[in-house]
Structures are given as structure tokens and as C-alpha cells.
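**Q** Hey, dropping entry.txt in here, compact mmCIF, C-alpha atoms and all ligand atoms:
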```txt
# COMPACT_ATOMS: atom_id res chain seq x y z
CA MET A 1 -48.27 98.73 124.80
CA TRP A 2 -45.55 100.96 123.46
CA PRO A 3 -42.25 101.38 125.36
CA ASN A 4 -43.15 105.07 125.63
CA THR A 5 -45.90 104.64 128.23
CA VAL A 6 -46.86 108.33 128.08
CA LEU A 7 -47.83 107.75 124.44
CA ASN A 8 -50.15 104.94 125.58
CA GLU A 9 -51.84 107.39 127.94
CA TYR A 10 -52.42 109.85 125.11
CA TYR A 11 -53.90 107.14 122.90
CA THR A 12 -56.29 106.23 125.68
CA LEU A 13 -57.27 109.89 126.09
CA GLU A 14 -58.10 110.10 122.38
CA GLN A 15 -60.17 106.92 122.60
CA GLU A 16 -61.93 108.34 125.66
CA SER A 17 -62.76 111.52 123.75
CA ALA A 18 -64.33 109.43 120.95
CA ILE A 19 -66.48 107.67 123.57
CA ALA A 20 -67.41 110.98 125.22
CA SER A 21 -68.43 112.48 121.88
CA LEU A 22 -71.17 109.82 121.62
CA GLY A 23 -72.93 111.86 124.31
CA LEU A 24 -74.46 108.68 125.76
CA SER A 25 -75.52 108.04 129.31
CA PHE A 26 -74.31 104.55 130.09
CA ASN A 27 -76.27 104.08 133.29
CA GLY A 28 -78.63 101.11 132.83
CA SER A 29 -77.59 100.56 129.21
CA ASN A 30 -76.48 97.28 127.67
CA VAL A 31 -72.99 97.41 126.22
CA LEU A 32 -71.05 94.80 124.27
CA ASP A 33 -67.26 95.13 124.09
CA LEU A 34 -66.14 93.10 121.06
CA GLY A 35 -62.63 91.70 121.46
CA CYS A 36 -62.47 93.16 124.96
CA GLY A 37 -58.94 91.86 125.66
CA THR A 38 -58.09 92.49 129.29
CA GLY A 39 -61.29 94.50 129.68
CA ARG A 40 -60.02 98.06 130.06
CA PHE A 41 -63.03 99.51 128.21
CA SER A 42 -65.48 96.93 129.59
CA ARG A 43 -64.58 98.09 133.12
CA ARG A 44 -64.84 101.70 132.05
CA PHE A 45 -68.44 101.28 130.76
CA ALA A 46 -69.42 99.21 133.82
CA SER A 47 -68.05 101.91 136.13
CA GLU A 48 -70.62 104.29 134.60
CA GLY A 49 -73.49 101.90 135.37
CA ALA A 50 -73.74 99.93 132.11
CA ASP A 51 -74.39 96.19 132.04
CA VAL A 52 -71.40 95.05 130.05
CA ILE A 53 -70.55 91.88 128.18
CA GLY A 54 -66.92 91.52 127.14
CA LEU A 55 -66.43 89.03 124.32
CA ASP A 56 -63.02 87.67 123.43
CA PHE A 57 -61.61 84.31 122.38
CA SER A 58 -58.38 84.64 124.31
CA GLU A 59 -58.45 82.71 127.57
CA LYS A 60 -55.32 84.48 128.80
CA ALA A 61 -56.76 87.92 128.19
CA LEU A 62 -60.06 87.02 129.86
CA ASP A 63 -58.30 85.52 132.89
CA ILE A 64 -56.62 88.88 133.41
CA ALA A 65 -59.88 90.74 132.76
CA LYS A 66 -61.74 88.60 135.32
CA SER A 67 -59.02 89.10 137.90
CA LEU A 68 -59.51 92.86 137.63
CA SER A 69 -63.20 92.93 138.53
CA SER A 70 -65.14 90.88 141.02
CA ASP A 71 -68.86 91.66 140.84
CA GLY A 72 -69.84 89.89 137.61
CA ASN A 73 -70.11 93.17 135.71
CA PRO A 74 -68.46 93.19 133.21
CA HIS A 75 -69.51 89.67 132.39
CA TYR A 76 -66.87 88.02 130.21
CA ILE A 77 -67.58 85.37 127.60
CA ARG A 78 -64.92 83.39 125.78
CA GLU A 79 -66.22 83.17 122.27
CA SER A 80 -65.33 84.20 118.74
CA ILE A 81 -66.92 87.45 117.67
CA PHE A 82 -67.97 85.58 114.52
CA LYS A 83 -70.43 83.64 116.66
CA LEU A 84 -72.24 86.80 117.80
CA ASP A 85 -75.96 86.06 117.74
CA TRP A 86 -78.00 88.18 120.16
CA PRO A 87 -80.91 89.89 118.40
CA ALA A 88 -81.64 93.54 119.25
CA ARG A 89 -80.03 93.47 122.69
CA PHE A 90 -77.41 96.25 122.93
CA ASP A 91 -77.53 100.04 123.22
CA LEU A 92 -73.83 100.25 122.39
CA ILE A 93 -71.50 97.84 120.65
CA PHE A 94 -67.89 98.90 120.98
CA ALA A 95 -64.78 97.55 119.30
CA THR A 96 -61.29 98.91 119.39
CA ALA A 97 -58.30 97.30 117.72
CA THR A 98 -60.42 94.20 117.18
CA LEU A 99 -62.09 94.20 113.75
CA ALA A 100 -58.86 95.09 111.93
CA ILE A 101 -57.22 92.11 113.65
CA ALA A 102 -60.05 89.57 113.63
CA CYS A 103 -61.14 90.07 110.01
CA ARG A 104 -58.91 88.93 107.17
CA ASN A 105 -61.02 90.23 104.32
CA GLU A 106 -64.17 92.05 103.32
CA HIS A 107 -66.33 88.94 103.57
CA GLU A 108 -65.36 88.43 107.22
CA LEU A 109 -65.86 92.10 108.01
CA LYS A 110 -69.32 92.10 106.45
CA ASP A 111 -70.22 88.95 108.34
CA ILE A 112 -69.39 90.53 111.68
CA LEU A 113 -71.02 93.87 110.76
CA THR A 114 -74.24 92.02 109.90
CA ARG A 115 -74.14 90.29 113.27
CA VAL A 116 -73.48 93.63 114.97
CA GLY A 117 -76.43 95.25 113.17
CA LYS A 118 -78.73 92.47 114.34
CA ALA A 119 -77.43 92.62 117.92
CA LEU A 120 -78.04 96.38 118.19
CA LYS A 121 -81.36 97.75 119.44
CA THR A 122 -83.12 99.81 116.76
CA ASP A 123 -81.68 103.05 118.13
CA GLY A 124 -78.39 101.44 119.24
CA VAL A 125 -74.94 102.77 118.42
CA LEU A 126 -71.83 101.06 117.08
CA LEU A 127 -68.50 102.70 117.90
CA VAL A 128 -65.41 101.22 116.31
CA ILE A 129 -61.93 102.62 116.84
CA GLU A 130 -59.79 100.70 114.40
CA PRO A 131 -56.61 101.05 112.34
CA LEU A 132 -57.94 101.12 108.78
CA HIS A 133 -55.22 101.10 106.15
CA ARG A 134 -54.11 99.50 102.98
CA GLY A 135 -50.51 98.28 102.72
CA LEU A 136 -47.73 98.87 105.20
CA LEU A 137 -49.81 100.27 108.05
CA SER A 138 -52.54 97.64 107.80
CA ARG A 139 -52.81 95.09 110.57
CA VAL A 140 -54.64 91.93 109.43
CA LEU A 141 -57.47 93.62 107.53
CA ASP A 142 -56.05 95.40 104.49
CA MET A 143 -58.78 98.02 104.06
CA ASN A 144 -59.03 101.79 104.02
CA LEU A 145 -61.71 103.95 105.60
CA LYS A 146 -63.62 104.42 102.34
CA ASP A 147 -64.08 100.67 101.88
CA PHE A 148 -64.90 100.20 105.55
CA LEU A 149 -67.72 102.77 105.23
CA ARG A 150 -68.94 101.00 102.10
CA CYS A 151 -69.03 97.69 104.00
CA LEU A 152 -71.06 99.41 106.71
CA SER A 153 -73.66 100.62 104.25
CA GLU A 154 -73.75 97.27 102.41
CA THR A 155 -74.69 95.59 105.69
CA GLY A 156 -77.45 98.07 106.57
CA LEU A 157 -75.50 100.39 108.85
CA VAL A 158 -74.77 104.05 108.34
CA SER A 159 -71.87 106.10 109.70
CA VAL A 160 -72.93 109.25 111.55
CA ASN A 161 -69.53 110.48 112.72
CA VAL A 162 -66.00 109.73 111.54
CA LYS A 163 -62.84 111.04 113.16
CA PRO A 164 -59.12 110.31 112.70
CA LEU A 165 -57.12 109.45 115.83
CA ALA A 166 -53.44 108.96 116.59
CA PHE A 167 -51.44 110.80 113.93
CA TRP A 168 -49.19 107.98 112.71
CA PRO A 169 -46.09 109.93 111.52
CA ILE A 170 -45.65 111.08 115.12
CA ARG A 171 -46.11 107.56 116.45
CA ILE A 172 -43.06 106.42 114.50
CA VAL A 173 -40.99 108.97 116.40
CA LEU A 174 -42.58 108.51 119.79
CA ALA A 175 -43.52 104.87 120.20
CA TYR A 176 -40.12 103.35 120.86
CA ILE A 177 -38.36 106.25 122.56
CA PRO A 178 -39.34 106.79 126.19
CA LEU A 179 -39.02 110.58 126.01
CA PRO A 180 -39.85 112.70 129.05
CA ARG A 181 -43.57 113.38 129.54
CA PHE A 182 -43.44 117.03 128.49
CA LEU A 183 -41.69 116.23 125.20
CA THR A 184 -44.05 113.35 124.37
CA ALA A 185 -47.01 115.59 125.21
CA ALA A 186 -45.74 118.49 123.10
CA ILE A 187 -44.97 116.34 120.04
CA TYR A 188 -48.21 114.39 120.37
CA ARG A 189 -50.30 117.57 120.58
CA LEU A 190 -48.55 118.92 117.52
CA GLY A 191 -49.60 115.77 115.63
CA THR A 192 -53.18 116.10 116.86
CA LEU A 193 -53.28 119.72 115.66
CA LEU A 194 -51.80 118.83 112.27
CA MET A 195 -54.44 116.13 111.83
CA ARG A 196 -57.15 118.81 111.87
CA LEU A 197 -55.66 120.47 108.78
CA PRO A 198 -57.03 119.16 105.46
CA PRO A 199 -53.72 117.85 104.01
CA PHE A 200 -53.13 115.74 107.13
CA THR A 201 -56.61 114.43 108.03
CA GLY A 202 -55.88 111.12 106.31
CA LEU A 203 -52.87 110.49 108.53
CA GLY A 204 -54.66 109.10 111.55
CA ASP A 205 -53.48 105.63 112.52
CA TYR A 206 -56.95 104.86 113.87
CA TRP A 207 -60.40 105.94 112.78
CA ALA A 208 -63.26 106.38 115.22
CA VAL A 209 -66.45 105.53 113.34
CA GLU A 210 -69.83 105.94 114.98
CA ALA A 211 -72.62 104.13 113.16
CA LYS A 212 -76.30 103.35 113.50
CA ILE A 213 -78.77 101.03 111.83
CA ALA A 214 -79.82 102.55 108.50
CA PRO A 215 -83.50 102.80 107.64
CA GLY A 216 -84.39 99.34 106.34
CA GLY A 217 -81.30 97.76 107.94
CA PRO A 218 -79.69 95.61 109.12
CA LEU A 219 -79.40 93.80 105.80
CA ASP A 220 -79.06 90.08 105.51
CA PHE A 221 -75.53 89.40 104.39
CA HIS A 222 -74.52 85.77 103.95
CA ALA A 223 -73.20 84.72 107.34
CA PHE A 224 -70.71 81.92 107.77
CA THR A 225 -71.84 78.40 108.43
CA GLU A 226 -70.45 76.66 111.53
CA GLU A 227 -67.67 75.07 109.44
CA GLU A 228 -66.77 78.30 107.69
CA THR A 229 -66.58 80.41 110.84
CA PRO A 230 -63.12 81.96 111.01
CA ASN A 231 -61.14 82.15 114.23
CA SER A 232 -63.27 79.69 116.16
CA PRO A 233 -62.83 79.98 119.94
CA ASN A 234 -60.82 76.80 119.97
CA ALA A 235 -58.23 78.28 117.69
CA GLU A 236 -55.49 80.19 119.40
CA PRO A 237 -55.41 83.84 118.40
CA ASP A 238 -52.66 84.58 115.89
CA ILE A 239 -51.50 87.74 117.68
CA PRO A 240 -48.75 87.86 120.30
CA LEU A 241 -50.25 87.23 123.70
CA HIS A 242 -47.10 88.32 125.49
CA ASP A 243 -48.19 91.87 124.62
CA ILE A 244 -51.41 91.67 126.58
CA GLY A 245 -50.23 93.21 129.86
CA THR A 246 -52.93 94.48 132.17
CA GLY A 247 -53.72 97.89 130.83
CA ASN A 248 -53.49 99.76 127.57
CA TRP A 249 -52.93 97.78 124.48
CA ASN A 250 -52.43 99.46 121.17
CA ALA A 251 -52.20 97.20 118.16
C1 LIG B 301 -55.38 94.36 120.12
S1 LIG B 301 -56.43 93.54 121.20
C2 LIG B 301 -57.51 94.83 121.73
C3 LIG B 301 -58.14 94.52 123.05
C4 LIG B 301 -59.07 95.60 123.60
N1 LIG B 301 -60.10 95.95 122.65
C5 LIG B 301 -58.28 96.83 123.99
O1 LIG B 301 -58.26 97.81 123.24
O2 LIG B 301 -57.67 96.80 125.06
C6 LIG B 301 -57.46 92.55 120.12
C7 LIG B 301 -58.36 91.57 120.86
O3 LIG B 301 -59.24 90.95 119.93
C8 LIG B 301 -59.35 89.58 120.27
N2 LIG B 301 -59.81 88.86 119.09
C9 LIG B 301 -59.21 88.80 117.87
N3 LIG B 301 -59.95 88.05 117.05
C10 LIG B 301 -61.03 87.62 117.75
C11 LIG B 301 -62.15 86.80 117.45
N4 LIG B 301 -62.34 86.27 116.24
N5 LIG B 301 -63.06 86.57 118.41
C12 LIG B 301 -62.89 87.11 119.66
N6 LIG B 301 -61.86 87.89 120.00
C13 LIG B 301 -60.94 88.14 119.06
C14 LIG B 301 -57.97 89.19 120.75
O4 LIG B 301 -57.99 88.02 121.53
C15 LIG B 301 -57.56 90.43 121.53
O5 LIG B 301 -57.93 90.36 122.88
```
Is it possible to express this structure as C-alpha cells?
**A**
Amino acid sequence: MWPNTVLNEYYTLEQESAIASLGLSFNGSNVLDLGCGTGRFSRRFASEGADVIGLDFSEKALDIAKSLSSDGNPHYIRESIFKLDWPARFDLIFATATLAIACRNEHELKDILTRVGKALKTDGVLLVIEPLHRGLLSRVLDMNLKDFLRCLSETGLVSVNVKPLAFWPIRIVLAYIPLPRFLTAAIYRLGTLLMRLPPFTGLGDYWAVEAKIAPGGPLDFHAFTEEETPNSPNAEPDIPLHDIGTGNWNA
């Protein structure tokens, strides 16, 4: 969470609009929230009638998530996303601020994308909202959008919609300064408008990528053996848990 809490709200609104643009009815659907953290999106899908599984390897995050819902939906599982192995089960697999943190390189990304492809129903949808950058702005995964889309297609998935979110030059100004709501809103909206103009479209901090299984997919990419599996659930996550909080969490 950023010190400017109004900025967090605007990030969530942008993420919500990416979910809404899927045009899906969640009632009765099976949803997997990869790296669900404290479950803010898991709860959101469950509140619309989806059967939700939230997967995360952080015990602390899941303890908070479980304390915030009581009826077993979302159902939380403490496991590494690199162990995902549920064939053709989900209508939607969702990941935000997870893949760019969990994957250290292209091999790990392709491993998880292969697992995701197999876990999706034939007409299922993958929505990732991730910071995809090379260099300074990268999180753990040092990869731009172009290479991410290539990894998708090399694992038998195809992107059907791509949208930039969270204009990063504005974030630098807004994140650490708790400006009044109206000023944050005005500056943030300016950034969102700029991002629609061709010279600025590449300046989103996050990319929302909607993908489906390509004809002939998912492809069989070499998955990790048990020994090779990165970030096993017994390993503590290498990201600061003190940041978890109970609500929004922007990496
Ligand atoms: C920045 S948080 C985002 C949480 C949530 N998606 C949200 O937006 O509120 C990243 C989450 O990914 C989880 N994570 C990272 N690597 C993981 C892995 N290999 N397996 C399972 N969870 C992982 C972390 O524990 C953390 O909860």
C-alpha cells in the first residue's frame, strides 16, 4: 500500500475496470486467484457467486485472508503456484502482482503459464494484471510486455486484450505524498488520459492481459521436477510481509 491511500483506491478502480471488461458472469463459475495475498480479489469474485480458490504460499497473508471470510468460499490453499496441477478446472484464472514477483526468469514464467493453460477449461480466460518492465521498474521478473506475450504464445495461450494501467510517471509524484483527494484524483485522471495517447501508451506501470487457450494449446513446456520447483511452499517468500496489511496491496 502506498502512503497516499487515495492512490491505492484509484489503482483498485483500474483493476476493477479490467475485470469488468472481461464481460464475464461469475455466478457459478470456478475462479482461481493465483498469489491471492490477503484475498481482496478472491472475496470480490466470491461475492458475485463464483467458487473461488485462493492460492498463495504466505501463511501470514492467508491467515489474514481467512479471517476476512467465514463461509469456506473463497477456499484458501497454502501452496506454491509452481505446484499448480488441476486439469481443465477453471473458468477464470486471475493473477495480479504475482507472476512478476514469483517468476525470476522466462523459464519460470513459461512453467507457470503452461500449468495455467492446463488448469483452464477449454473456453476459460486468464487475466493477469502485472508490472511488466525491463530494468529499473521491473520487480523480480525483468521482462517487457512484448516478451510476456511471446511467452504466452510459446505455451499455447493467446492474448485477446491488452491494456496499460497505472501511468507510472504520475505514481512517482503521487505515491509518497498524501495529497488531498481532489488533487490526487485530478493528477491521476490526467495520467490515465495521457496513457490513451500513442506516445504515452507504453508508460503504464501495469499491463492487464486477457488470454485464452490458443487452437492446439496448451503446449507442453518442460515443467520443473519436484527438486527444481522454485519458491516451494516451505520457503519463506522473499518479499516484505510487513507490507501485507488487510486491503489493497500494490507491488
Ligand atoms: C504483491 S502480492 C499480491 C497479492 C494479491 N494478488 C493482491 O493484489 O492483493 C504477491 C503475492 O504473491 C504471493 N507469491 C509470490 N510467489 C509465490 C509463489 N511461488 N507461490 C504462491 N504465492 C506466491 C505472495 O505471497 C504474495 O501474497
**Q** Which residue gives the smallest distance to Tyr10 (chain A) among A:Arg181, A:Lys60, A:Arg43, A:Lys146, with all atoms listed in the file counted?
**A**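 Among the listed residues, A:Arg181 lies closest to Tyr10 (chain A).
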**Q** I need every residue sitting at most 7 Å from the point (-78.2, 97.6, 127.7) (coordinates as in the file, all atoms listed in the file considered), written as number ranges by chain.
**A** A: 28-31, 50-51, 89-91
**Q** Under the rule that only C-alpha atoms and all ligand atoms are counted, which of A:Leu7, A:Ala175, A:Ala211, A:Ile112 is the nearest residue to ligand LIG 301 (chain B)?
**A**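 For ligand LIG 301 (chain B), the nearest of the candidates is A:Ile112.
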**Q** If you measure from CA of Gly124 (chain A) to CA of Ile213 (chain A), what distance in Å do you get, rounded to one decimal?
**A**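 Distance reported for this atom pair: 7.4 Å.
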**Q** Val140 (chain A): which residues within 12 Å, counting all atoms listed in the file, same-chain residues fewer than 3 positions away excluded, as a PDB file with C-alpha atoms, in the coordinates of the input?
**A**
```
ATOM      1  CA  ALA A  97     -58.300  97.300 117.720  1.00  0.00           C
ATOM      2  CA  THR A  98     -60.420  94.200 117.180  1.00  0.00           C
ATOM      3  CA  LEU A  99     -62.090  94.200 113.750  1.00  0.00           C
ATOM      4  CA  ALA A 100     -58.860  95.090 111.930  1.00  0.00           C
ATOM      5  CA  ILE A 101     -57.220  92.110 113.650  1.00  0.00           C
ATOM      6  CA  ALA A 102     -60.050  89.570 113.630  1.00  0.00           C
ATOM      7  CA  CYS A 103     -61.140  90.070 110.010  1.00  0.00           C
ATOM      8  CA  ARG A 104     -58.910  88.930 107.170  1.00  0.00           C
ATOM      9  CA  ASN A 105     -61.020  90.230 104.320  1.00  0.00           C
ATOM     10  CA  GLU A 106     -64.170  92.050 103.320  1.00  0.00           C
ATOM     11  CA  GLU A 108     -65.360  88.430 107.220  1.00  0.00           C
ATOM     12  CA  LEU A 109     -65.860  92.100 108.010  1.00  0.00           C
ATOM     13  CA  GLU A 130     -59.790 100.700 114.400  1.00  0.00           C
ATOM     14  CA  PRO A 131     -56.610 101.050 112.340  1.00  0.00           C
ATOM     15  CA  LEU A 132     -57.940 101.120 108.780  1.00  0.00           C
ATOM     16  CA  HIS A 133     -55.220 101.100 106.150  1.00  0.00           C
ATOM     17  CA  ARG A 134     -54.110  99.500 102.980  1.00  0.00           C
ATOM     18  CA  GLY A 135     -50.510  98.280 102.720  1.00  0.00           C
ATOM     19  CA  LEU A 136     -47.730  98.870 105.200  1.00  0.00           C
ATOM     20  CA  LEU A 137     -49.810 100.270 108.050  1.00  0.00           C
ATOM     21  CA  MET A 143     -58.780  98.020 104.060  1.00  0.00           C
ATOM     22  CA  ASP A 238     -52.660  84.580 115.890  1.00  0.00           C
ATOM     23  CA  ILE A 239     -51.500  87.740 117.680  1.00  0.00           C
ATOM     24  CA  ALA A 251     -52.200  97.200 118.160  1.00  0.00           C
TER      25      ALA A 251
END
```
**Q** Restricting the calculation to only C-alpha atoms and all ligand atoms, which member of A:Val128, A:Val173, A:Ile53, A:Ala61 is positioned closest to ligand LIG 301 (chain B)?
**A**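 Closest to ligand LIG 301 (chain B) of all the choices is A:Ala61.
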**Q** So, with all atoms listed in the file as the atoms that count, which of A:Ala214, A:Val116, A:Leu127, A:Leu174 lies closest to Tyr188 (chain A)?
**A**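 Closest to Tyr188 (chain A) of all the choices is A:Leu174.
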**Q** Pick out the closest residue to ligand LIG 301 (chain B) from this set: A:Thr192, A:Ser67, A:Thr12, A:Thr114. Count all atoms listed in the file.
**A** A:Thr12
**Q** What gap, in Å, lies between CA of Ser138 (chain A) and CA of Asn8 (chain A)?
**A**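 Here the two named atoms are 19.4 Å from each other.
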**Q** Looking at all atoms listed in the file, which of A:Ser47, A:Leu13, A:Glu210, A:Asp205 is the one that sits closest to Arg139 (chain A)?
**A**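 Nearest to Arg139 (chain A): A:Asp205.
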**Q** How far is it from CA of Pro180 (chain A) to CA of Ile129 (chain A), in Å with one decimal?
**A**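 For CA of Pro180 (chain A) relative to CA of Ile129 (chain A), the distance reads 27.2 Å.
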**Q** With all atoms listed in the file as the counted atoms, please give the residues lying no more than 12 Å from Leu126 (chain A), apart from itself and same-chain residues fewer than 5 positions off, as a PyMOL selection string.
**A** chain A and resi 18-19+22+24+31-34+90-96+113-121+152+157-162+208-214
**Q** Generate the output file for the selected residues, C-alpha atoms, as a short mmCIF file (atom, residue, chain, number, x, y, z; two decimals), in the frame of the given file.
**A**
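Once written, part08.cif looks like this:
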```cif
data_model
loop_
_atom_site.label_atom_id
_atom_site.label_comp_id
_atom_site.auth_asym_id
_atom_site.auth_seq_id
_atom_site.Cartn_x
_atom_site.Cartn_y
_atom_site.Cartn_z
CA ALA A 18 -64.33 109.43 120.95
CA ILE A 19 -66.48 107.67 123.57
CA LEU A 22 -71.17 109.82 121.62
CA LEU A 24 -74.46 108.68 125.76
CA VAL A 31 -72.99 97.41 126.22
CA LEU A 32 -71.05 94.80 124.27
CA ASP A 33 -67.26 95.13 124.09
CA LEU A 34 -66.14 93.10 121.06
CA PHE A 90 -77.41 96.25 122.93
CA ASP A 91 -77.53 100.04 123.22
CA LEU A 92 -73.83 100.25 122.39
CA ILE A 93 -71.50 97.84 120.65
CA PHE A 94 -67.89 98.90 120.98
CA ALA A 95 -64.78 97.55 119.30
CA THR A 96 -61.29 98.91 119.39
CA LEU A 113 -71.02 93.87 110.76
CA THR A 114 -74.24 92.02 109.90
CA ARG A 115 -74.14 90.29 113.27
CA VAL A 116 -73.48 93.63 114.97
CA GLY A 117 -76.43 95.25 113.17
CA LYS A 118 -78.73 92.47 114.34
CA ALA A 119 -77.43 92.62 117.92
CA LEU A 120 -78.04 96.38 118.19
CA LYS A 121 -81.36 97.75 119.44
CA LEU A 152 -71.06 99.41 106.71
CA LEU A 157 -75.50 100.39 108.85
CA VAL A 158 -74.77 104.05 108.34
CA SER A 159 -71.87 106.10 109.70
CA VAL A 160 -72.93 109.25 111.55
CA ASN A 161 -69.53 110.48 112.72
CA VAL A 162 -66.00 109.73 111.54
CA ALA A 208 -63.26 106.38 115.22
CA VAL A 209 -66.45 105.53 113.34
CA GLU A 210 -69.83 105.94 114.98
CA ALA A 211 -72.62 104.13 113.16
CA LYS A 212 -76.30 103.35 113.50
CA ILE A 213 -78.77 101.03 111.83
CA ALA A 214 -79.82 102.55 108.50
#
```
**Q** Determine, counting all atoms listed in the file, which protein, DNA and RNA residues have an atom within 9 Å of an atom of Leu194 (chain A); residues of the same chain fewer than 6 positions away are not included. Present the result as an MDAnalysis selection string.
**A** chainID A and resid 167 200:201
